Amino acid sequence: MNRREMIGVTASGLGALFHGMAEASENTVTGSKQPDVLAWERKVPLRWDTDIVVVGGGMAGVGAAAAAARTGARVLLVERFAVTGGMLTVGGVANFCGDMEGQGEVFDEILEDLHKWKALGGPSRDSVFHYETLAFVLQELLLRRDVKLLLHTRFVDLRVTNGNITELLLYGTSGLEAVRTRQVIDCTGEGDVARAAGFSVMKGRNQDGLQLPMSMMYFVRHVQEEGHGPLLPEGWLTPVETKEDLPMTSIWPDGPGANAIKVKVPAFDSTDTESLTAAEIAARRRIREVMHYHQSVEKRPWILDHCSPIIGIREGVRILGDYVLTVEDLRAGKRFEDGIARGCYELDGHKPDDEKRTYILPEEERTVPPYQIPLRSLIAKEGNNLLMAGRCFSADQLALSSARVSTTACMMGQAAGIAAALAVQKGTDLRNVDPKEVQEEIRKRGAVLDL
Ligand SMILES: Cc1cc2nc3c(=O)[nH]c(=O)nc-3n(C[C@H](O)[C@H](O)[C@H](O)COP(=O)(O)OP(=O)(O)OC[C@H]3O[C@@H](n4cnc5c(N)ncnc54)[C@H](O)[C@@H]3O)c2cc1C
């Protein structure tokens, strides 16, 4: 018998993982839209006890974990893939948008390390980087700060009592295990922690919930002979034959003799198991059709090297916070009493329902002045100890279209990590942490909050 403490977990509200299975069988048998509900109990080893759990190791999660750990807090970072970096590594997005200066010491250290490994900047842009090196640099940064890193580990459920999350249920290669914690930071992008807790989330555009569209990144190598790659076999898919038929396709540098290419795949839901599956399938098909155009029509000497392991997700859900940052706040270049991060990137709202290079707003309405993000938009309204940062913070869709960029996501993460660590240090509720103290610490760490 394992000597670790065991906690009882009731698995009725376990969420998508189990609902999805029940729904599929119910639909097949009866056609009903109402999923069955399963309930059972089991005992799970309580393997870890920590101060702060950060769920999701993208730029927001790395920022949060690294900043919190620097205060001396015990921090556990849970990441479902083999590497951290999220969209920037497994999503293949190898470019920083937004302001690369004044983001604070976590981002500064990442840049410095990328420089040391000669992995930042290319002939056309200073902001592109080698994403495998970023994955390496991030893991080393976290380990230097004594963050307890769990890879291949997925957050699946939690226990919440009177708005306090007390334990999280994780699924890693050793099976289901639990962690007890004081503070939690949701950096999953899809708001997995908030959704499992039953806290309110916002998704997509108002009229139909459609999220900003996904795009798949894929990578090609240049070869000597033209048409060297595997062209579309007869009868497979619908090859793109003209430029007009191309979906939004962006061609990026990827070092010598290679390119990274991004293809828009709209109108899927990143929070629905079946829809995300369909998006991945559609993306891999579309890539073949677009490759046909580049290889056979434009005669580019390219072969497909690989697709990113996960489709690029711009928007998951936005967790309802104490404050919802709006596009009007951005347009006004708003400052807040509790401003803890700064954004400046344009309103990059790709239109959710077509595959062309279309935007929600006309070009002349996309620029915004620098703006602040308040601490209140990083605190989940219906919880006492849940913060969020990055793609799932509390904002409307257009505000998110700017603030989601990796630089700002990291800065938000840094602020969430500092706020959580202060709450732990003082043994107090998140809302009793003085935002001025958070700001002071952020400034001490080299971040510029002034606009
Ligand atoms: C196609 C595309 C192009 C983009 N281009 C740019 C660009 O050029 N420059 C730029 O700055 N930004 C760009 N962005 C935006 C930017 O990449 C992301 O918005 C930003 O990196 C988000 O960081 P994040 O940490 O919030 O989320 P993510 O990077 O999505 O990280 C979330 C992490 O949580 C993990 N996770 C999720 N659920 C769980 C769970 N249940 N358990 C454990 N782990 C979990 C994921 O594996 C992931 O590592 C682009 C985005 C897309 C999709």
# chains A, B, ... in the order shown; residues from 1 in each chain; ligands from 1

call {"tool": "residues_near_ligand", "arguments": {"ligand": "ligand 1", "cutoff": "6 Å", "atoms": "only C-alpha atoms and all ligand atoms", "output": "PyMOL selection string"}}
result
chain A and resi 55-61+78-81+84-88+93+95-97+153-156+187-189+192+214-215+312-314+390-391+404-407+409

call {"tool": "write_last_selection", "arguments": {"atoms": "C-alpha atoms", "output": "short mmCIF file (atom, residue, chain, number, x, y, z; two decimals), in the first residue's frame"}}
result
data_model
loop_
_atom_site.label_atom_id
_atom_site.label_comp_id
_atom_site.auth_asym_id
_atom_site.auth_seq_id
_atom_site.Cartn_x
_atom_site.Cartn_y
_atom_site.Cartn_z
CA VAL A 55 -1.36 24.79 -14.89
CA GLY A 56 -0.05 25.20 -18.44
CA GLY A 57 3.53 25.91 -19.42
CA GLY A 58 3.10 28.38 -22.29
CA MET A 59 4.64 31.83 -22.06
CA ALA A 60 2.07 32.87 -19.45
CA GLY A 61 2.66 29.78 -17.33
CA VAL A 78 1.97 21.15 -14.81
CA GLU A 79 2.34 20.78 -18.58
CA ARG A 80 0.57 18.19 -20.72
CA PHE A 81 3.25 18.08 -23.43
CA THR A 84 7.07 24.14 -22.19
CA GLY A 85 6.47 27.15 -24.47
CA GLY A 86 2.93 26.26 -25.56
CA MET A 87 1.96 27.91 -28.81
CA LEU A 88 5.51 29.21 -29.30
CA VAL A 93 4.81 30.07 -33.61
CA ASN A 95 8.08 34.86 -33.32
CA PHE A 96 7.52 37.44 -30.56
CA CYS A 97 4.94 40.16 -31.20
CA THR A 153 1.03 15.62 -17.06
CA ARG A 154 -2.47 16.87 -17.62
CA PHE A 155 -4.68 18.66 -15.15
CA VAL A 156 -8.05 16.87 -15.16
CA CYS A 187 -2.52 29.34 -17.89
CA THR A 188 -4.08 26.62 -20.03
CA GLY A 189 -5.54 28.96 -22.64
CA ASP A 192 -9.38 24.13 -17.98
CA MET A 214 -7.08 28.59 -35.49
CA SER A 215 -4.14 28.29 -37.88
CA GLY A 312 -2.34 27.00 -33.34
CA ILE A 313 -5.12 28.20 -31.06
CA ARG A 314 -5.60 31.96 -30.79
CA GLY A 390 -2.31 34.62 -21.05
CA ARG A 391 -4.96 33.58 -23.55
CA ARG A 404 -2.84 37.43 -26.28
CA VAL A 405 0.57 37.99 -27.89
CA SER A 406 3.43 36.14 -26.25
CA THR A 407 5.24 39.15 -24.75
CA ALA A 409 1.12 36.83 -21.98
#

call {"tool": "residues_around", "arguments": {"residues": "A:Val438", "least_positions_apart": "4", "cutoff": "9 Å", "atoms": "only C-alpha atoms", "output": "list in words"}}
result
Asp338, Ile340, Leu375, Ala415, Ile418, Ala419, Leu422, Val433, Asp434, Ile442 and Arg443 of chain A

call {"tool": "write_last_selection", "arguments": {"atoms": "N, CA and C atoms", "output": "compact mmCIF listing (two decimals), in the first residue's frame"}}
result
# COMPACT_ATOMS: atom_id res chain seq x y z
N ASP A 338 -4.73 49.44 -10.42
CA ASP A 338 -4.07 48.15 -10.18
C ASP A 338 -3.45 47.59 -11.48
N ILE A 340 -0.99 46.03 -13.82
CA ILE A 340 0.17 45.18 -13.51
C ILE A 340 0.88 44.64 -14.77
N LEU A 375 -4.84 44.07 -12.38
CA LEU A 375 -4.74 42.82 -11.62
C LEU A 375 -6.11 42.13 -11.52
N ALA A 415 3.03 38.84 -13.41
CA ALA A 415 2.22 39.54 -12.39
C ALA A 415 1.40 38.56 -11.57
N ILE A 418 3.63 36.80 -9.09
CA ILE A 418 4.00 37.67 -7.96
C ILE A 418 2.81 37.83 -7.00
N ALA A 419 1.62 38.04 -7.54
CA ALA A 419 0.43 38.22 -6.69
C ALA A 419 0.16 36.95 -5.87
N LEU A 422 2.76 36.62 -3.11
CA LEU A 422 2.52 37.55 -1.99
C LEU A 422 1.38 37.03 -1.11
N VAL A 433 -4.32 41.12 -1.10
CA VAL A 433 -2.97 41.54 -1.51
C VAL A 433 -3.08 42.94 -2.09
N ASP A 434 -2.24 43.82 -1.62
CA ASP A 434 -2.30 45.21 -2.08
C ASP A 434 -1.70 45.30 -3.50
N ILE A 442 6.86 44.26 -9.36
CA ILE A 442 7.00 44.14 -10.83
C ILE A 442 8.03 45.16 -11.33
N ARG A 443 7.94 46.38 -10.81
CA ARG A 443 8.89 47.42 -11.25
C ARG A 443 10.31 47.07 -10.82

call {"tool": "residues_around", "arguments": {"residues": "A:Val179", "least_positions_apart": "5", "cutoff": "7 Å", "atoms": "only C-alpha atoms", "output": "list in words"}}
result
Leu46, Arg47, Trp48, Asp49, Glu167, Leu168 and Leu169 of chain A

call {"tool": "write_last_selection", "arguments": {"atoms": "C-alpha atoms", "output": "PDB file, in the first residue's frame"}}
result
ATOM      1  CA  LEU A  46      -1.880  12.885  -2.732  1.00  0.00           C
ATOM      2  CA  ARG A  47       1.671  13.051  -4.053  1.00  0.00           C
ATOM      3  CA  TRP A  48       2.547  16.723  -3.740  1.00  0.00           C
ATOM      4  CA  ASP A  49       1.885  19.579  -1.339  1.00  0.00           C
ATOM      5  CA  GLU A 167      -6.515  19.921  -4.509  1.00  0.00           C
ATOM      6  CA  LEU A 168      -5.927  19.356  -8.209  1.00  0.00           C
ATOM      7  CA  LEU A 169      -6.153  15.972  -9.882  1.00  0.00           C
TER       8      LEU A 169
END

call {"tool": "select_by_dssp", "arguments": {"residues": "stretch 150-306 of chain A", "states": "alpha helix (DSSP H)", "output": "ChimeraX atom specification"}}
result
/A:192-197,273-292

call {"tool": "residues_around", "arguments": {"residues": "A:Asn162", "least_positions_apart": "2", "cutoff": "12 Å", "atoms": "only C-alpha atoms", "output": "list in words"}}
result
Arg159, Val160, Asn164, Ile165, Thr166, Ala197, Phe199, Glu382, Gly383, Asn384 and Asn385 of chain A

call {"tool": "residues_around", "arguments": {"residues": "A:Ala65", "least_positions_apart": "5", "cutoff": "7 Å", "atoms": "only C-alpha atoms", "output": "list in words"}}
result
Val54, Val75, Leu77, Val147 and Gly417 of chain A

call {"tool": "write_last_selection", "arguments": {"atoms": "N, CA and C atoms", "output": "PDB file, in the first residue's frame"}}
result
ATOM      1  N   VAL A  54       0.858  26.113 -11.052  1.00  0.00           N
ATOM      2  CA  VAL A  54       0.604  26.780 -12.323  1.00  0.00           C
ATOM      3  C   VAL A  54       0.219  25.677 -13.303  1.00  0.00           C
ATOM      4  N   VAL A  75       6.705  26.065  -6.049  1.00  0.00           N
ATOM      5  CA  VAL A  75       5.864  26.174  -7.245  1.00  0.00           C
ATOM      6  C   VAL A  75       5.909  24.880  -8.043  1.00  0.00           C
ATOM      7  N   LEU A  77       4.694  23.323 -11.708  1.00  0.00           N
ATOM      8  CA  LEU A  77       4.183  23.673 -13.037  1.00  0.00           C
ATOM      9  C   LEU A  77       3.780  22.393 -13.763  1.00  0.00           C
ATOM     10  N   VAL A 147      11.628  25.474  -9.862  1.00  0.00           N
ATOM     11  CA  VAL A 147      10.223  25.146 -10.135  1.00  0.00           C
ATOM     12  C   VAL A 147      10.142  23.636 -10.293  1.00  0.00           C
ATOM     13  N   GLY A 417       2.080  35.457 -10.990  1.00  0.00           N
ATOM     14  CA  GLY A 417       2.997  34.713 -10.121  1.00  0.00           C
ATOM     15  C   GLY A 417       3.368  35.524  -8.890  1.00  0.00           C
TER      16      GLY A 417
END

call {"tool": "closest_residue", "arguments": {"among": "A:Met412, A:Val83, A:Ala119, A:Ile303", "to": "A:Pro374", "atoms": "only C-alpha atoms"}}
result
A:Met412

call {"tool": "residues_around", "arguments": {"residues": "A:Val265", "least_positions_apart": "6", "cutoff": "12 Å", "atoms": "only C-alpha atoms", "output": "ChimeraX atom specification"}}
result
/A:211-217,246-249,275-276,278-287,311-314,350-357

call {"tool": "write_last_selection", "arguments": {"atoms": "C-alpha atoms", "output": "PDB file, in the first residue's frame"}}
result
ATOM      1  CA  GLN A 211     -13.546  31.956 -31.344  1.00  0.00           C
ATOM      2  CA  LEU A 212     -10.759  33.722 -33.203  1.00  0.00           C
ATOM      3  CA  PRO A 213      -9.783  31.192 -35.873  1.00  0.00           C
ATOM      4  CA  MET A 214      -7.080  28.593 -35.485  1.00  0.00           C
ATOM      5  CA  SER A 215      -4.135  28.293 -37.877  1.00  0.00           C
ATOM      6  CA  MET A 216      -1.801  25.371 -38.405  1.00  0.00           C
ATOM      7  CA  MET A 217       1.952  25.948 -38.669  1.00  0.00           C
ATOM      8  CA  LEU A 246      -5.591  29.800 -51.323  1.00  0.00           C
ATOM      9  CA  PRO A 247      -6.705  30.182 -47.725  1.00  0.00           C
ATOM     10  CA  MET A 248      -4.875  32.835 -45.664  1.00  0.00           C
ATOM     11  CA  THR A 249      -1.330  31.532 -45.963  1.00  0.00           C
ATOM     12  CA  SER A 275     -14.395  19.890 -32.756  1.00  0.00           C
ATOM     13  CA  LEU A 276     -10.684  20.164 -31.918  1.00  0.00           C
ATOM     14  CA  ALA A 278     -11.958  17.844 -36.560  1.00  0.00           C
ATOM     15  CA  ALA A 279      -9.774  20.974 -36.702  1.00  0.00           C
ATOM     16  CA  GLU A 280      -6.558  18.941 -36.610  1.00  0.00           C
ATOM     17  CA  ILE A 281      -7.866  16.652 -39.362  1.00  0.00           C
ATOM     18  CA  ALA A 282      -9.042  19.570 -41.526  1.00  0.00           C
ATOM     19  CA  ALA A 283      -5.698  21.353 -41.057  1.00  0.00           C
ATOM     20  CA  ARG A 284      -3.609  18.387 -42.190  1.00  0.00           C
ATOM     21  CA  ARG A 285      -5.819  18.010 -45.269  1.00  0.00           C
ATOM     22  CA  ARG A 286      -5.692  21.701 -46.118  1.00  0.00           C
ATOM     23  CA  ILE A 287      -1.926  21.735 -45.799  1.00  0.00           C
ATOM     24  CA  ILE A 311      -2.844  23.344 -34.261  1.00  0.00           C
ATOM     25  CA  GLY A 312      -2.338  27.004 -33.337  1.00  0.00           C
ATOM     26  CA  ILE A 313      -5.121  28.205 -31.056  1.00  0.00           C
ATOM     27  CA  ARG A 314      -5.604  31.962 -30.792  1.00  0.00           C
ATOM     28  CA  HIS A 350      -8.845  37.546 -37.536  1.00  0.00           C
ATOM     29  CA  LYS A 351     -12.410  36.966 -38.713  1.00  0.00           C
ATOM     30  CA  PRO A 352     -13.629  33.717 -37.161  1.00  0.00           C
ATOM     31  CA  ASP A 353     -15.797  32.377 -39.985  1.00  0.00           C
ATOM     32  CA  ASP A 354     -13.861  32.466 -43.230  1.00  0.00           C
ATOM     33  CA  GLU A 355     -10.481  31.173 -44.272  1.00  0.00           C
ATOM     34  CA  LYS A 356      -9.243  34.254 -46.153  1.00  0.00           C
ATOM     35  CA  ARG A 357      -7.036  37.020 -44.724  1.00  0.00           C
TER      36      ARG A 357
END

call {"tool": "residues_around", "arguments": {"residues": "A:Lys243", "least_positions_apart": "2", "cutoff": "10 Å", "atoms": "only C-alpha atoms", "output": "list in words"}}
result
Val240, Glu241, Asp245, Leu246, Pro247, Val290, Tyr293, His294, Val297 and Glu298 of chain A

call {"tool": "closest_residue", "arguments": {"among": "A:Leu361, A:Leu170, A:Ile261, A:Val106", "to": "A:Leu158", "atoms": "only C-alpha atoms"}}
result
A:Leu170

call {"tool": "select_by_dssp", "arguments": {"residues": "stretch 109-293 of chain A", "states": "strand (DSSP E)", "output": "PDB file with N, CA and C atoms, in the first residue's frame"}}
result
ATOM      1  N   LYS A 148       9.177  23.034  -9.637  1.00  0.00           N
ATOM      2  CA  LYS A 148       8.952  21.591  -9.803  1.00  0.00           C
ATOM      3  C   LYS A 148       8.159  21.425 -11.095  1.00  0.00           C
ATOM      4  N   LEU A 149       8.801  20.819 -12.094  1.00  0.00           N
ATOM      5  CA  LEU A 149       8.200  20.745 -13.420  1.00  0.00           C
ATOM      6  C   LEU A 149       7.668  19.340 -13.664  1.00  0.00           C
ATOM      7  N   LEU A 150       6.382  19.241 -14.007  1.00  0.00           N
ATOM      8  CA  LEU A 150       5.804  17.942 -14.374  1.00  0.00           C
ATOM      9  C   LEU A 150       5.413  17.990 -15.840  1.00  0.00           C
ATOM     10  N   ARG A 154      -1.313  16.056 -17.265  1.00  0.00           N
ATOM     11  CA  ARG A 154      -2.473  16.871 -17.616  1.00  0.00           C
ATOM     12  C   ARG A 154      -3.327  17.113 -16.379  1.00  0.00           C
ATOM     13  N   PHE A 155      -3.704  18.354 -16.186  1.00  0.00           N
ATOM     14  CA  PHE A 155      -4.682  18.661 -15.146  1.00  0.00           C
ATOM     15  C   PHE A 155      -6.024  18.132 -15.617  1.00  0.00           C
ATOM     16  N   VAL A 156      -6.733  17.375 -14.732  1.00  0.00           N
ATOM     17  CA  VAL A 156      -8.049  16.870 -15.155  1.00  0.00           C
ATOM     18  C   VAL A 156      -9.211  17.310 -14.280  1.00  0.00           C
ATOM     19  N   ASP A 157      -8.970  17.550 -13.001  1.00  0.00           N
ATOM     20  CA  ASP A 157     -10.115  17.907 -12.158  1.00  0.00           C
ATOM     21  C   ASP A 157      -9.613  18.532 -10.865  1.00  0.00           C
ATOM     22  N   LEU A 158     -10.532  18.935 -10.008  1.00  0.00           N
ATOM     23  CA  LEU A 158     -10.115  19.581  -8.763  1.00  0.00           C
ATOM     24  C   LEU A 158     -11.192  19.445  -7.696  1.00  0.00           C
ATOM     25  N   ARG A 159     -10.773  19.775  -6.467  1.00  0.00           N
ATOM     26  CA  ARG A 159     -11.771  19.897  -5.389  1.00  0.00           C
ATOM     27  C   ARG A 159     -11.852  21.364  -5.024  1.00  0.00           C
ATOM     28  N   VAL A 160     -13.066  21.856  -4.942  1.00  0.00           N
ATOM     29  CA  VAL A 160     -13.246  23.258  -4.603  1.00  0.00           C
ATOM     30  C   VAL A 160     -14.294  23.354  -3.495  1.00  0.00           C
ATOM     31  N   THR A 161     -13.941  24.092  -2.454  1.00  0.00           N
ATOM     32  CA  THR A 161     -14.855  24.256  -1.329  1.00  0.00           C
ATOM     33  C   THR A 161     -15.004  25.742  -1.039  1.00  0.00           C
ATOM     34  N   ASN A 164     -12.678  27.999  -2.729  1.00  0.00           N
ATOM     35  CA  ASN A 164     -11.240  27.708  -2.571  1.00  0.00           C
ATOM     36  C   ASN A 164     -10.889  26.390  -3.245  1.00  0.00           C
ATOM     37  N   ILE A 165      -9.948  26.457  -4.160  1.00  0.00           N
ATOM     38  CA  ILE A 165      -9.462  25.220  -4.772  1.00  0.00           C
ATOM     39  C   ILE A 165      -8.434  24.639  -3.807  1.00  0.00           C
ATOM     40  N   THR A 166      -8.664  23.393  -3.397  1.00  0.00           N
ATOM     41  CA  THR A 166      -7.769  22.817  -2.386  1.00  0.00           C
ATOM     42  C   THR A 166      -6.835  21.764  -2.979  1.00  0.00           C
ATOM     43  N   GLU A 167      -7.353  20.938  -3.869  1.00  0.00           N
ATOM     44  CA  GLU A 167      -6.515  19.921  -4.509  1.00  0.00           C
ATOM     45  C   GLU A 167      -6.798  19.868  -6.004  1.00  0.00           C
ATOM     46  N   LEU A 168      -5.771  19.540  -6.767  1.00  0.00           N
ATOM     47  CA  LEU A 168      -5.927  19.356  -8.209  1.00  0.00           C
ATOM     48  C   LEU A 168      -5.610  17.895  -8.530  1.00  0.00           C
ATOM     49  N   LEU A 169      -6.364  17.343  -9.443  1.00  0.00           N
ATOM     50  CA  LEU A 169      -6.153  15.972  -9.882  1.00  0.00           C
ATOM     51  C   LEU A 169      -5.385  16.013 -11.200  1.00  0.00           C
ATOM     52  N   LEU A 170      -4.261  15.299 -11.235  1.00  0.00           N
ATOM     53  CA  LEU A 170      -3.399  15.323 -12.415  1.00  0.00           C
ATOM     54  C   LEU A 170      -3.309  13.921 -12.998  1.00  0.00           C
ATOM     55  N   TYR A 171      -3.131  13.855 -14.310  1.00  0.00           N
ATOM     56  CA  TYR A 171      -2.939  12.555 -14.946  1.00  0.00           C
ATOM     57  C   TYR A 171      -1.620  12.561 -15.700  1.00  0.00           C
ATOM     58  N   GLY A 172      -0.676  11.829 -15.163  1.00  0.00           N
ATOM     59  CA  GLY A 172       0.626  11.725 -15.820  1.00  0.00           C
ATOM     60  C   GLY A 172       0.907  10.265 -16.106  1.00  0.00           C
ATOM     61  N   GLY A 175      -0.207   7.715 -13.683  1.00  0.00           N
ATOM     62  CA  GLY A 175      -1.644   7.582 -13.423  1.00  0.00           C
ATOM     63  C   GLY A 175      -2.196   8.806 -12.734  1.00  0.00           C
ATOM     64  N   LEU A 176      -3.352   8.643 -12.128  1.00  0.00           N
ATOM     65  CA  LEU A 176      -3.984   9.780 -11.438  1.00  0.00           C
ATOM     66  C   LEU A 176      -3.280  10.050 -10.117  1.00  0.00           C
ATOM     67  N   GLU A 177      -2.911  11.303  -9.894  1.00  0.00           N
ATOM     68  CA  GLU A 177      -2.302  11.708  -8.625  1.00  0.00           C
ATOM     69  C   GLU A 177      -2.801  13.105  -8.307  1.00  0.00           C
ATOM     70  N   ALA A 178      -2.720  13.475  -7.032  1.00  0.00           N
ATOM     71  CA  ALA A 178      -3.251  14.776  -6.642  1.00  0.00           C
ATOM     72  C   ALA A 178      -2.174  15.656  -6.039  1.00  0.00           C
ATOM     73  N   VAL A 179      -2.420  16.965  -6.100  1.00  0.00           N
ATOM     74  CA  VAL A 179      -1.546  17.934  -5.453  1.00  0.00           C
ATOM     75  C   VAL A 179      -2.407  18.846  -4.592  1.00  0.00           C
ATOM     76  N   ARG A 180      -1.931  19.105  -3.382  1.00  0.00           N
ATOM     77  CA  ARG A 180      -2.629  20.064  -2.502  1.00  0.00           C
ATOM     78  C   ARG A 180      -1.932  21.411  -2.650  1.00  0.00           C
ATOM     79  N   GLN A 183      -2.568  28.342  -3.790  1.00  0.00           N
ATOM     80  CA  GLN A 183      -2.964  29.218  -4.892  1.00  0.00           C
ATOM     81  C   GLN A 183      -2.838  28.456  -6.207  1.00  0.00           C
ATOM     82  N   VAL A 184      -3.681  28.831  -7.174  1.00  0.00           N
ATOM     83  CA  VAL A 184      -3.654  28.177  -8.486  1.00  0.00           C
ATOM     84  C   VAL A 184      -3.637  29.253  -9.566  1.00  0.00           C
ATOM     85  N   ILE A 185      -2.841  29.027 -10.608  1.00  0.00           N
ATOM     86  CA  ILE A 185      -2.837  29.964 -11.745  1.00  0.00           C
ATOM     87  C   ILE A 185      -3.168  29.172 -13.008  1.00  0.00           C
ATOM     88  N   ASP A 186      -4.275  29.540 -13.628  1.00  0.00           N
ATOM     89  CA  ASP A 186      -4.732  28.844 -14.834  1.00  0.00           C
ATOM     90  C   ASP A 186      -4.091  29.514 -16.056  1.00  0.00           C
ATOM     91  N   VAL A 201     -17.056  31.332 -17.664  1.00  0.00           N
ATOM     92  CA  VAL A 201     -16.091  31.681 -18.706  1.00  0.00           C
ATOM     93  C   VAL A 201     -16.829  32.316 -19.873  1.00  0.00           C
ATOM     94  N   MET A 202     -16.083  33.054 -20.696  1.00  0.00           N
ATOM     95  CA  MET A 202     -16.660  33.681 -21.887  1.00  0.00           C
ATOM     96  C   MET A 202     -15.961  33.058 -23.092  1.00  0.00           C
ATOM     97  N   MET A 214      -8.364  29.278 -35.667  1.00  0.00           N
ATOM     98  CA  MET A 214      -7.080  28.593 -35.485  1.00  0.00           C
ATOM     99  C   MET A 214      -6.279  28.681 -36.782  1.00  0.00           C
ATOM    100  N   SER A 215      -4.993  28.438 -36.692  1.00  0.00           N
ATOM    101  CA  SER A 215      -4.135  28.293 -37.877  1.00  0.00           C
ATOM    102  C   SER A 215      -3.121  27.209 -37.577  1.00  0.00           C
ATOM    103  N   MET A 216      -2.815  26.421 -38.595  1.00  0.00           N
ATOM    104  CA  MET A 216      -1.801  25.371 -38.405  1.00  0.00           C
ATOM    105  C   MET A 216      -0.462  25.846 -38.962  1.00  0.00           C
ATOM    106  N   MET A 217       0.592  25.668 -38.183  1.00  0.00           N
ATOM    107  CA  MET A 217       1.952  25.948 -38.669  1.00  0.00           C
ATOM    108  C   MET A 217       2.540  24.651 -39.218  1.00  0.00           C
ATOM    109  N   TYR A 218       3.156  24.742 -40.401  1.00  0.00           N
ATOM    110  CA  TYR A 218       3.910  23.586 -40.892  1.00  0.00           C
ATOM    111  C   TYR A 218       5.220  24.059 -41.511  1.00  0.00           C
ATOM    112  N   PHE A 219       6.119  23.120 -41.710  1.00  0.00           N
ATOM    113  CA  PHE A 219       7.510  23.475 -42.004  1.00  0.00           C
ATOM    114  C   PHE A 219       7.966  22.744 -43.261  1.00  0.00           C
ATOM    115  N   VAL A 220       8.589  23.504 -44.173  1.00  0.00           N
ATOM    116  CA  VAL A 220       9.054  22.878 -45.422  1.00  0.00           C
ATOM    117  C   VAL A 220      10.570  23.039 -45.544  1.00  0.00           C
ATOM    118  N   ARG A 221      11.170  22.062 -46.190  1.00  0.00           N
ATOM    119  CA  ARG A 221      12.596  22.137 -46.503  1.00  0.00           C
ATOM    120  C   ARG A 221      12.758  22.380 -47.993  1.00  0.00           C
ATOM    121  N   HIS A 222      13.785  23.099 -48.354  1.00  0.00           N
ATOM    122  CA  HIS A 222      14.043  23.360 -49.772  1.00  0.00           C
ATOM    123  C   HIS A 222      14.921  22.233 -50.314  1.00  0.00           C
ATOM    124  N   THR A 249      -2.557  32.325 -46.071  1.00  0.00           N
ATOM    125  CA  THR A 249      -1.330  31.532 -45.963  1.00  0.00           C
ATOM    126  C   THR A 249      -0.170  32.500 -45.736  1.00  0.00           C
ATOM    127  N   SER A 250       0.533  32.372 -44.630  1.00  0.00           N
ATOM    128  CA  SER A 250       1.673  33.262 -44.376  1.00  0.00           C
ATOM    129  C   SER A 250       2.947  32.446 -44.422  1.00  0.00           C
ATOM    130  N   ILE A 251       3.905  32.951 -45.162  1.00  0.00           N
ATOM    131  CA  ILE A 251       5.167  32.227 -45.312  1.00  0.00           C
ATOM    132  C   ILE A 251       6.244  32.942 -44.495  1.00  0.00           C
ATOM    133  N   TRP A 252       6.832  32.213 -43.546  1.00  0.00           N
ATOM    134  CA  TRP A 252       7.817  32.792 -42.628  1.00  0.00           C
ATOM    135  C   TRP A 252       9.197  32.205 -42.888  1.00  0.00           C
ATOM    136  N   PRO A 253      10.239  32.969 -42.525  1.00  0.00           N
ATOM    137  CA  PRO A 253      11.587  32.378 -42.589  1.00  0.00           C
ATOM    138  C   PRO A 253      11.731  31.291 -41.525  1.00  0.00           C
ATOM    139  N   ALA A 258      14.792  26.652 -45.502  1.00  0.00           N
ATOM    140  CA  ALA A 258      13.533  26.165 -44.921  1.00  0.00           C
ATOM    141  C   ALA A 258      12.560  27.327 -44.742  1.00  0.00           C
ATOM    142  N   ASN A 259      11.291  26.996 -44.655  1.00  0.00           N
ATOM    143  CA  ASN A 259      10.271  28.008 -44.330  1.00  0.00           C
ATOM    144  C   ASN A 259       9.253  27.418 -43.363  1.00  0.00           C
ATOM    145  N   ALA A 260       8.638  28.325 -42.603  1.00  0.00           N
ATOM    146  CA  ALA A 260       7.501  27.941 -41.762  1.00  0.00           C
ATOM    147  C   ALA A 260       6.276  28.574 -42.409  1.00  0.00           C
ATOM    148  N   ILE A 261       5.203  27.817 -42.507  1.00  0.00           N
ATOM    149  CA  ILE A 261       4.017  28.315 -43.207  1.00  0.00           C
ATOM    150  C   ILE A 261       2.801  28.156 -42.299  1.00  0.00           C
ATOM    151  N   LYS A 262       1.946  29.167 -42.372  1.00  0.00           N
ATOM    152  CA  LYS A 262       0.767  29.191 -41.490  1.00  0.00           C
ATOM    153  C   LYS A 262      -0.479  29.212 -42.355  1.00  0.00           C
ATOM    154  N   VAL A 263      -1.402  28.303 -42.097  1.00  0.00           N
ATOM    155  CA  VAL A 263      -2.647  28.241 -42.870  1.00  0.00           C
ATOM    156  C   VAL A 263      -3.845  28.349 -41.935  1.00  0.00           C
ATOM    157  N   LYS A 264      -4.759  29.229 -42.278  1.00  0.00           N
ATOM    158  CA  LYS A 264      -5.930  29.492 -41.424  1.00  0.00           C
ATOM    159  C   LYS A 264      -6.957  28.361 -41.537  1.00  0.00           C
ATOM    160  N   VAL A 265      -7.467  27.936 -40.395  1.00  0.00           N
ATOM    161  CA  VAL A 265      -8.450  26.845 -40.340  1.00  0.00           C
ATOM    162  C   VAL A 265      -9.589  27.316 -39.426  1.00  0.00           C
TER     163      VAL A 265
END
